[in-house]
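Source file query16.txt; content: compact mmCIF, C-alpha atoms.
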```txt
# COMPACT_ATOMS: atom_id res chain seq x y z
CA MET J 28 30.17 1.25 -39.11
CA ARG J 29 30.20 3.22 -42.32
CA PRO J 30 31.69 1.31 -45.26
CA GLU J 31 34.16 4.06 -46.14
CA GLY J 32 34.75 5.19 -42.62
CA ASN J 33 38.28 3.96 -42.22
CA LEU J 34 40.00 7.32 -42.10
CA SER J 35 43.44 5.78 -42.15
CA ARG J 36 42.84 5.02 -45.83
CA GLN J 37 42.97 8.72 -46.73
CA GLU J 38 46.00 8.75 -48.98
CA THR J 39 46.66 12.46 -48.77
CA TRP J 40 47.55 12.20 -45.11
CA GLU J 41 50.64 10.64 -43.72
CA VAL J 42 49.11 8.19 -41.32
CA PRO J 43 51.27 5.49 -39.82
CA PRO J 44 49.74 2.09 -39.23
CA GLN J 45 47.40 2.46 -36.30
CA PRO J 46 46.38 -0.25 -33.88
CA LYS J 47 42.94 1.38 -33.75
CA GLU J 48 40.68 1.66 -36.74
CA HIS J 49 39.09 4.95 -37.72
CA THR J 50 41.88 7.08 -36.36
CA LEU J 51 43.37 10.02 -38.14
CA ARG J 52 46.58 11.68 -36.98
CA ILE J 53 47.79 15.05 -38.22
CA ILE J 54 50.86 17.00 -37.17
CA LEU J 55 51.15 20.64 -38.12
CA PRO J 56 53.35 23.64 -37.32
CA ALA J 57 51.85 26.03 -34.79
CA THR J 58 51.10 28.92 -37.13
CA GLU J 59 47.80 30.52 -38.09
CA ALA J 60 48.37 29.70 -41.74
CA ALA J 61 49.11 26.02 -41.02
CA VAL J 62 46.03 25.80 -38.78
CA ARG J 63 43.95 27.17 -41.64
CA ARG J 64 45.35 24.58 -44.06
CA GLY J 65 44.99 21.78 -41.50
CA LEU J 66 41.31 22.63 -40.97
CA GLU J 67 40.72 22.64 -44.72
CA SER J 68 42.25 19.18 -45.11
CA ILE J 69 40.38 17.75 -42.14
CA LYS J 70 37.14 19.16 -43.51
CA SER J 71 37.62 17.92 -47.04
CA GLY J 72 38.90 14.55 -45.81
CA LEU J 73 35.99 13.93 -43.44
CA GLY J 74 33.49 15.36 -45.94
CA SER J 75 34.50 12.67 -48.40
CA VAL J 76 33.80 9.89 -45.89
CA GLY J 77 30.25 10.92 -45.15
CA TYR J 78 30.23 13.60 -42.41
CA GLY J 79 27.52 16.18 -43.01
CA GLN J 80 28.05 19.91 -43.55
CA ASP J 81 26.55 20.75 -40.15
CA GLU J 82 28.77 18.23 -38.40
CA LEU J 83 31.86 19.54 -40.14
CA ALA J 84 30.87 23.11 -39.27
CA SER J 85 30.73 22.30 -35.54
CA LEU J 86 34.03 20.43 -35.72
CA GLU J 87 35.75 23.23 -37.62
CA ILE J 88 34.57 25.86 -35.14
CA VAL J 89 35.87 23.89 -32.13
CA LEU J 90 39.15 22.82 -33.72
CA ALA J 91 39.82 26.35 -35.01
CA GLU J 92 39.39 27.82 -31.52
CA ALA J 93 41.45 25.14 -29.78
CA LEU J 94 44.27 25.27 -32.34
CA ASN J 95 44.43 29.05 -32.56
CA ASN J 96 44.58 29.23 -28.77
CA ILE J 97 47.64 26.97 -28.88
CA VAL J 98 49.28 29.16 -31.55
CA GLU J 99 48.48 32.41 -29.72
CA HIS J 100 48.92 31.38 -26.09
CA ALA J 101 50.68 28.04 -25.50
CA TYR J 102 53.29 28.84 -28.14
CA ALA J 103 53.26 32.61 -27.63
CA ASP J 104 57.04 32.57 -27.10
CA HIS J 105 57.86 29.97 -29.75
CA SER J 106 57.97 30.20 -33.50
CA ASP J 107 58.75 26.53 -34.10
CA GLY J 108 56.07 24.72 -32.10
CA MET J 109 54.23 21.69 -33.39
CA ILE J 110 50.65 20.55 -32.79
CA GLU J 111 49.46 16.97 -33.04
CA ILE J 112 45.78 16.15 -33.62
CA HIS J 113 44.16 12.73 -33.30
CA LEU J 114 40.60 12.20 -34.49
CA SER J 115 38.92 8.91 -33.74
CA GLN J 116 35.36 7.94 -34.58
CA THR J 117 33.51 5.71 -32.13
CA ALA J 118 29.88 4.86 -31.53
CA LYS J 119 29.66 7.89 -29.19
CA GLY J 120 30.98 10.39 -31.68
CA LEU J 121 34.28 11.80 -32.91
CA TRP J 122 36.92 11.95 -30.18
CA CYS J 123 39.51 14.65 -30.64
CA THR J 124 42.86 14.81 -28.90
CA ILE J 125 45.16 17.80 -29.36
CA LEU J 126 48.75 17.72 -28.11
CA ASP J 127 51.28 20.53 -27.89
CA ASN J 128 54.51 21.26 -26.06
CA GLY J 129 53.77 24.87 -25.29
CA GLN J 130 53.08 26.60 -21.99
CA MET J 131 50.60 25.14 -19.54
CA MET J 132 47.13 26.71 -19.52
CA PRO J 133 46.92 29.38 -16.81
CA GLY J 134 46.22 27.68 -13.48
CA GLY J 135 46.43 24.28 -15.17
CA GLU J 136 42.76 24.55 -16.13
CA PRO J 137 40.99 25.36 -19.39
CA PRO J 138 39.01 28.62 -19.24
CA ILE J 139 35.37 28.41 -18.20
CA GLY J 140 34.23 30.26 -21.31
CA ARG J 141 31.37 32.36 -19.99
CA SER J 142 28.98 33.83 -22.50
CA ALA J 143 29.74 37.47 -23.14
CA ASN J 144 27.58 40.22 -21.71
CA LEU J 145 26.07 42.02 -24.69
CA ASP J 146 23.67 44.14 -22.68
CA CYS J 147 25.76 47.26 -23.12
CA GLU J 148 26.55 50.16 -25.44
CA VAL J 149 28.06 49.25 -28.82
CA ALA J 150 31.30 50.91 -27.72
CA ASP J 151 31.58 48.44 -24.84
CA LEU J 152 30.89 45.25 -26.81
CA PRO J 153 33.54 42.57 -26.32
CA GLU J 154 35.83 41.85 -29.28
CA GLY J 155 37.29 38.68 -27.79
CA GLY J 156 36.73 35.92 -25.30
CA PHE J 157 34.32 34.01 -27.53
CA GLY J 158 36.66 31.12 -28.26
CA TRP J 159 36.31 29.05 -25.11
CA PHE J 160 32.60 29.77 -24.96
CA LEU J 161 32.20 28.24 -28.45
CA ILE J 162 34.35 25.23 -27.51
CA ARG J 163 32.30 24.59 -24.37
CA GLU J 164 29.03 25.00 -26.28
CA LEU J 165 29.88 22.48 -28.98
CA ALA J 166 32.29 19.96 -27.41
CA HIS J 167 31.47 17.32 -24.81
CA GLU J 168 33.47 15.63 -22.05
CA LEU J 169 36.29 18.11 -22.39
CA GLU J 170 39.39 17.25 -20.44
CA TYR J 171 42.73 19.02 -20.16
CA VAL J 172 45.84 17.41 -18.70
CA ARG J 173 49.37 18.73 -18.34
CA GLU J 174 51.65 15.73 -18.90
CA GLY J 175 55.23 16.72 -18.10
CA ASP J 176 55.96 19.48 -20.62
CA ARG J 177 53.06 18.57 -22.86
CA ASN J 178 49.44 19.75 -23.02
CA ARG J 179 46.73 17.25 -23.84
CA LEU J 180 43.23 18.49 -24.64
CA CYS J 181 40.63 15.83 -25.25
CA PHE J 182 36.94 16.17 -26.11
CA ARG J 183 34.12 14.48 -27.97
CA MET J 184 32.03 15.90 -30.78
CA SER J 185 28.57 14.37 -31.23
CA ILE J 186 29.05 13.81 -34.93
CA GLY J 187 29.63 10.97 -37.36
CA HIS J 188 28.09 7.56 -37.43
CA MET J 189 26.91 7.00 -33.87
CA ALA J 190 25.29 3.95 -32.35
CA MET N 30 42.50 40.15 -47.00
CA LYS N 31 40.66 41.44 -50.01
CA LEU N 32 37.57 43.62 -49.68
CA THR N 33 35.78 45.19 -52.62
CA HIS N 34 33.11 47.84 -52.40
CA GLN N 35 30.34 49.34 -54.46
CA ASP N 36 28.54 52.59 -53.62
CA PHE N 37 24.87 53.32 -54.13
CA ASP N 38 23.09 56.54 -53.06
CA ASP N 39 23.32 56.19 -49.31
CA VAL N 40 24.77 52.74 -48.92
CA ARG N 41 28.18 51.18 -49.44
CA ILE N 42 28.26 47.43 -50.05
CA VAL N 43 31.53 45.95 -48.82
CA SER N 44 32.16 42.42 -50.07
CA VAL N 45 34.67 40.01 -48.59
CA VAL N 46 36.40 38.26 -51.47
CA GLU N 47 38.06 35.54 -49.43
CA ASN N 48 36.20 32.55 -48.03
CA ARG N 49 37.14 32.97 -44.38
CA ILE N 50 37.63 35.62 -41.72
CA ASP N 51 39.87 33.93 -39.19
CA ALA N 52 42.80 34.49 -36.84
CA ALA N 53 45.17 34.74 -39.80
CA CYS N 54 43.44 37.79 -41.31
CA ALA N 55 41.22 39.30 -38.58
CA ILE N 56 43.37 42.37 -37.82
CA GLN N 57 43.80 43.21 -41.49
CA PHE N 58 40.06 42.82 -42.04
CA LYS N 59 39.27 45.18 -39.18
CA ASP N 60 41.71 47.82 -40.46
CA GLU N 61 40.38 47.68 -44.00
CA MET N 62 36.78 47.83 -42.79
CA ARG N 63 37.60 50.89 -40.76
CA ALA N 64 39.07 52.67 -43.78
CA LEU N 65 35.97 51.80 -45.85
CA SER N 66 33.52 52.99 -43.19
CA ASP N 67 35.51 56.20 -42.56
CA SER N 68 35.14 57.20 -46.19
CA GLY N 69 31.66 55.72 -46.63
CA PRO N 70 28.04 56.94 -46.52
CA ALA N 71 25.56 56.51 -43.64
CA ARG N 72 24.91 52.83 -44.28
CA ILE N 73 27.53 50.15 -44.68
CA VAL N 74 26.40 46.65 -45.63
CA LEU N 75 28.98 43.92 -45.18
CA ASP N 76 28.35 41.23 -47.80
CA LEU N 77 29.46 37.86 -46.38
CA GLU N 78 28.25 35.78 -49.32
CA ASN N 79 31.73 34.34 -49.95
CA VAL N 80 32.61 33.76 -46.30
CA GLU N 81 32.18 30.10 -45.46
CA PHE N 82 33.91 30.23 -42.09
CA LEU N 83 34.43 32.75 -39.33
CA ASP N 84 36.17 31.99 -36.04
CA SER N 85 36.14 33.95 -32.78
CA SER N 86 38.92 36.24 -34.02
CA GLY N 87 36.88 36.94 -37.15
CA LEU N 88 33.80 37.58 -35.04
CA GLY N 89 35.81 39.97 -32.86
CA ALA N 90 36.97 41.80 -35.97
CA VAL N 91 33.39 42.23 -37.25
CA VAL N 92 32.40 43.57 -33.81
CA GLY N 93 35.46 45.84 -33.96
CA ALA N 94 34.27 47.11 -37.34
CA LEU N 95 30.86 47.91 -35.83
CA LYS N 96 32.51 49.82 -32.99
CA ALA N 97 34.58 51.78 -35.50
CA VAL N 98 31.67 53.32 -37.43
CA ARG N 99 30.95 57.03 -37.08
CA HIS N 100 28.13 58.41 -34.98
CA GLY N 101 24.97 58.04 -37.07
CA GLN N 102 26.51 55.50 -39.40
CA SER N 103 25.31 51.88 -39.46
CA LEU N 104 27.03 48.59 -40.21
CA GLU N 105 24.69 45.80 -41.28
CA LEU N 106 25.45 42.23 -42.36
CA ALA N 107 24.13 40.30 -45.34
CA ALA N 108 24.19 36.77 -46.79
CA LEU N 109 25.55 34.73 -43.89
CA HIS N 110 26.54 31.12 -44.56
CA PRO N 111 25.11 28.58 -42.07
CA THR N 112 28.44 28.14 -40.24
CA VAL N 113 28.88 31.90 -39.91
CA GLN N 114 25.27 32.27 -38.84
CA ARG N 115 25.85 29.62 -36.19
CA VAL N 116 28.80 31.49 -34.66
CA PHE N 117 26.71 34.69 -34.52
CA HIS N 118 23.79 32.79 -33.01
CA LEU N 119 25.76 30.87 -30.37
CA THR N 120 27.46 34.05 -29.16
CA ARG N 121 24.17 35.98 -29.43
CA MET N 122 25.90 38.53 -31.65
CA ASP N 123 22.94 38.04 -34.01
CA THR N 124 21.01 40.21 -31.54
CA VAL N 125 23.51 43.05 -31.91
CA PHE N 126 23.66 43.29 -35.71
CA SER N 127 21.01 43.90 -38.34
CA ILE N 128 21.30 40.80 -40.51
CA HIS N 129 19.83 40.60 -44.01
CA THR N 130 19.32 37.39 -45.95
CA SER N 131 20.93 38.88 -49.03
CA VAL N 132 22.55 42.06 -50.28
CA ALA N 133 19.51 42.64 -52.50
CA THR N 134 17.11 42.67 -49.54
CA ALA N 135 19.48 44.89 -47.59
CA VAL N 136 19.56 47.46 -50.39
CA GLU N 137 15.83 47.33 -51.06
CA GLY N 138 15.21 48.01 -47.41
CA ILE N 139 12.59 45.27 -47.18
CA ALA N 140 14.92 43.11 -45.22
CA ASN N 141 14.02 40.86 -42.35
CA ALA N 142 16.55 42.64 -40.22
CA SER N 143 16.71 41.16 -36.76
```
As structure tokens - that is how I would like this structure written.
Amino acid sequence: MRPEGNLSRQETWEVPPQPKEHTLRIILPATEAAVRRGLESIKSGLGSVGYGQDELASLEIVLAEALNNIVEHAYADHSDGMIEIHLSQTAKGLWCTILDNGQMMPGGEPPIGRSANLDCEVADLPEGGFGWFLIRELAHELEYVREGDRNRLCFRMSIGHMA
Amino acid sequence: MKLTHQDFDDVRIVSVVENRIDAACAIQFKDEMRALSDSGPARIVLDLENVEFLDSSGLGAVVGALKAVRHGQSLELAALHPTVQRVFHLTRMDTVFSIHTSVATAVEGIANAS
């Protein structure tokens, strides 16, 4: 594995001792501003341990969509929700787990994320609905589970030092 | 959300000062773009040189800005960072907008607009 790849050594993050190596845990308030700051710290933290710009771009796109969905939908009725993010590098890529205590996804399933129909007049172009499409395009092995009153979204990004 | 603008003969260059257009500022961006296109000439070029990241809300706001232009007015994009370019490409919105590699090429009219 990479010599500096032990993410738990990042001093700027409050990371409790982890049984697993290469795991980063971040907890942030469910607000758009906190999501923005969280993404910046994840990006600068991972950038300093050798992830490339392209890899970080894909990760930021997916995390931004997943986290903003939680802020806007799961916690639509809450102003004090929290989001927990675990990132763990393995030989298959970077595994991401996102936990929140907001509402269940509609129907208990993550949206399919169809690509938008752009074959139309400018006036009819869609202004939304791109988020889940981007997640599905860039993330692999995506799984969503409702555990009691908690949402768990798990997926793999094909980035980082892979075997 | 800070936007600055500079007018030439028939084109207004609108530059985004901040480094991201995301969920936290998308609505404000769309409103300010609308005000600048309402009062602007026939061509509006949105300079994204400083924008390192754009999420789906930001993309929606740029599309909203396109839908808000007057009849006969155009909104073109310039100087997309790779991450921003990737979001436009994945969603195929790069087929909807004229995209210039830089503001200079957009203004000179010799752009490789798509």
Distance cut-off 8 Å, counting only C-alpha atoms - which residues of chain N neighbour chain J? Return them as a tab-separated table (two decimals) with C-alpha atoms, keeping the file's coordinate frame.
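File result-v1.tsv, as written:
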```tsv
chain	number	residue	atom	x	y	z
N	52	ALA	CA	42.80	34.49	-36.84
N	53	ALA	CA	45.17	34.74	-39.80
N	84	ASP	CA	36.17	31.99	-36.04
N	85	SER	CA	36.14	33.95	-32.78
N	86	SER	CA	38.92	36.24	-34.02
N	88	LEU	CA	33.80	37.58	-35.04
N	89	GLY	CA	35.81	39.97	-32.86
N	90	ALA	CA	36.97	41.80	-35.97
N	92	VAL	CA	32.40	43.57	-33.81
N	93	GLY	CA	35.46	45.84	-33.96
N	95	LEU	CA	30.86	47.91	-35.83
N	96	LYS	CA	32.51	49.82	-32.99
N	112	THR	CA	28.44	28.14	-40.24
N	116	VAL	CA	28.80	31.49	-34.66
N	119	LEU	CA	25.76	30.87	-30.37
N	120	THR	CA	27.46	34.05	-29.16
N	121	ARG	CA	24.17	35.98	-29.43
N	122	MET	CA	25.90	38.53	-31.65
N	125	VAL	CA	23.51	43.05	-31.91
```
### Task
Excluding His100 (chain J) and any residue of its chain fewer than 3 positions from it, enumerate the residues within 10 Å of it, using all atoms listed in the file, and give them as an MDAnalysis selection string.
chainID J and resid 94:97 103:105 129:133
Please write as a PDB file with C-alpha atoms, keeping the file's coordinate frame the list of polymer residues whose atoms come within 12 Å of (19.3, 46.6, -46.6), counting only C-alpha atoms and keeping to the coordinates of the file.
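Now in part-v1.pdb:
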```
ATOM      1  CA  PHE N  37      24.870  53.320 -54.130  1.00  0.00           C
ATOM      2  CA  ASP N  39      23.320  56.190 -49.310  1.00  0.00           C
ATOM      3  CA  VAL N  40      24.770  52.740 -48.920  1.00  0.00           C
ATOM      4  CA  ARG N  41      28.180  51.180 -49.440  1.00  0.00           C
ATOM      5  CA  ILE N  42      28.260  47.430 -50.050  1.00  0.00           C
ATOM      6  CA  ARG N  72      24.910  52.830 -44.280  1.00  0.00           C
ATOM      7  CA  ILE N  73      27.530  50.150 -44.680  1.00  0.00           C
ATOM      8  CA  VAL N  74      26.400  46.650 -45.630  1.00  0.00           C
ATOM      9  CA  LEU N  75      28.980  43.920 -45.180  1.00  0.00           C
ATOM     10  CA  ASP N  76      28.350  41.230 -47.800  1.00  0.00           C
ATOM     11  CA  SER N 103      25.310  51.880 -39.460  1.00  0.00           C
ATOM     12  CA  LEU N 104      27.030  48.590 -40.210  1.00  0.00           C
ATOM     13  CA  GLU N 105      24.690  45.800 -41.280  1.00  0.00           C
ATOM     14  CA  LEU N 106      25.450  42.230 -42.360  1.00  0.00           C
ATOM     15  CA  ALA N 107      24.130  40.300 -45.340  1.00  0.00           C
ATOM     16  CA  ALA N 108      24.190  36.770 -46.790  1.00  0.00           C
ATOM     17  CA  SER N 127      21.010  43.900 -38.340  1.00  0.00           C
ATOM     18  CA  ILE N 128      21.300  40.800 -40.510  1.00  0.00           C
ATOM     19  CA  HIS N 129      19.830  40.600 -44.010  1.00  0.00           C
ATOM     20  CA  THR N 130      19.320  37.390 -45.950  1.00  0.00           C
ATOM     21  CA  SER N 131      20.930  38.880 -49.030  1.00  0.00           C
ATOM     22  CA  VAL N 132      22.550  42.060 -50.280  1.00  0.00           C
ATOM     23  CA  ALA N 133      19.510  42.640 -52.500  1.00  0.00           C
ATOM     24  CA  THR N 134      17.110  42.670 -49.540  1.00  0.00           C
ATOM     25  CA  ALA N 135      19.480  44.890 -47.590  1.00  0.00           C
ATOM     26  CA  VAL N 136      19.560  47.460 -50.390  1.00  0.00           C
ATOM     27  CA  GLU N 137      15.830  47.330 -51.060  1.00  0.00           C
ATOM     28  CA  GLY N 138      15.210  48.010 -47.410  1.00  0.00           C
ATOM     29  CA  ILE N 139      12.590  45.270 -47.180  1.00  0.00           C
ATOM     30  CA  ALA N 140      14.920  43.110 -45.220  1.00  0.00           C
ATOM     31  CA  ASN N 141      14.020  40.860 -42.350  1.00  0.00           C
ATOM     32  CA  ALA N 142      16.550  42.640 -40.220  1.00  0.00           C
ATOM     33  CA  SER N 143      16.710  41.160 -36.760  1.00  0.00           C
TER      34      SER N 143
END
```
### Task
Check the smallest atom-to-atom distance from each of N:Cys54, N:Val113, N:Leu77, N:Val91 to Thr33 (chain N) using all atoms listed in the file, then report the winner.
N:Leu77
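Computed from the coordinates, the CA of Arg177 (chain J) to CA of Glu111 (chain J) distance equals 10.9 Å.
Take CA of Gly79 (chain J) and CA of Ile186 (chain J): the distance between them is 8.6 Å.
If all atoms listed in the file are the atoms counted, then among N:Lys59, N:Arg49, N:Ser66, N:His34 the closest residue to His110 (chain N) is N:Arg49.
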### Task
Please identify all polymer residues within 10 Å of Glu174 (chain J), counting all atoms listed in the file, omitting same-chain residues fewer than 5 positions from it, and present them as number ranges by chain.
J: 126, 128, 131, 179
Write a file of the selected residues as a PDB file, in the coordinates of the input, keeping C-alpha atoms.
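Okay, part.pdb is ready:
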```pdb
ATOM      1  CA  LEU J 126      48.750  17.720 -28.110  1.00  0.00           C
ATOM      2  CA  ASN J 128      54.510  21.260 -26.060  1.00  0.00           C
ATOM      3  CA  MET J 131      50.600  25.140 -19.540  1.00  0.00           C
ATOM      4  CA  ARG J 179      46.730  17.250 -23.840  1.00  0.00           C
TER       5      ARG J 179
END
```
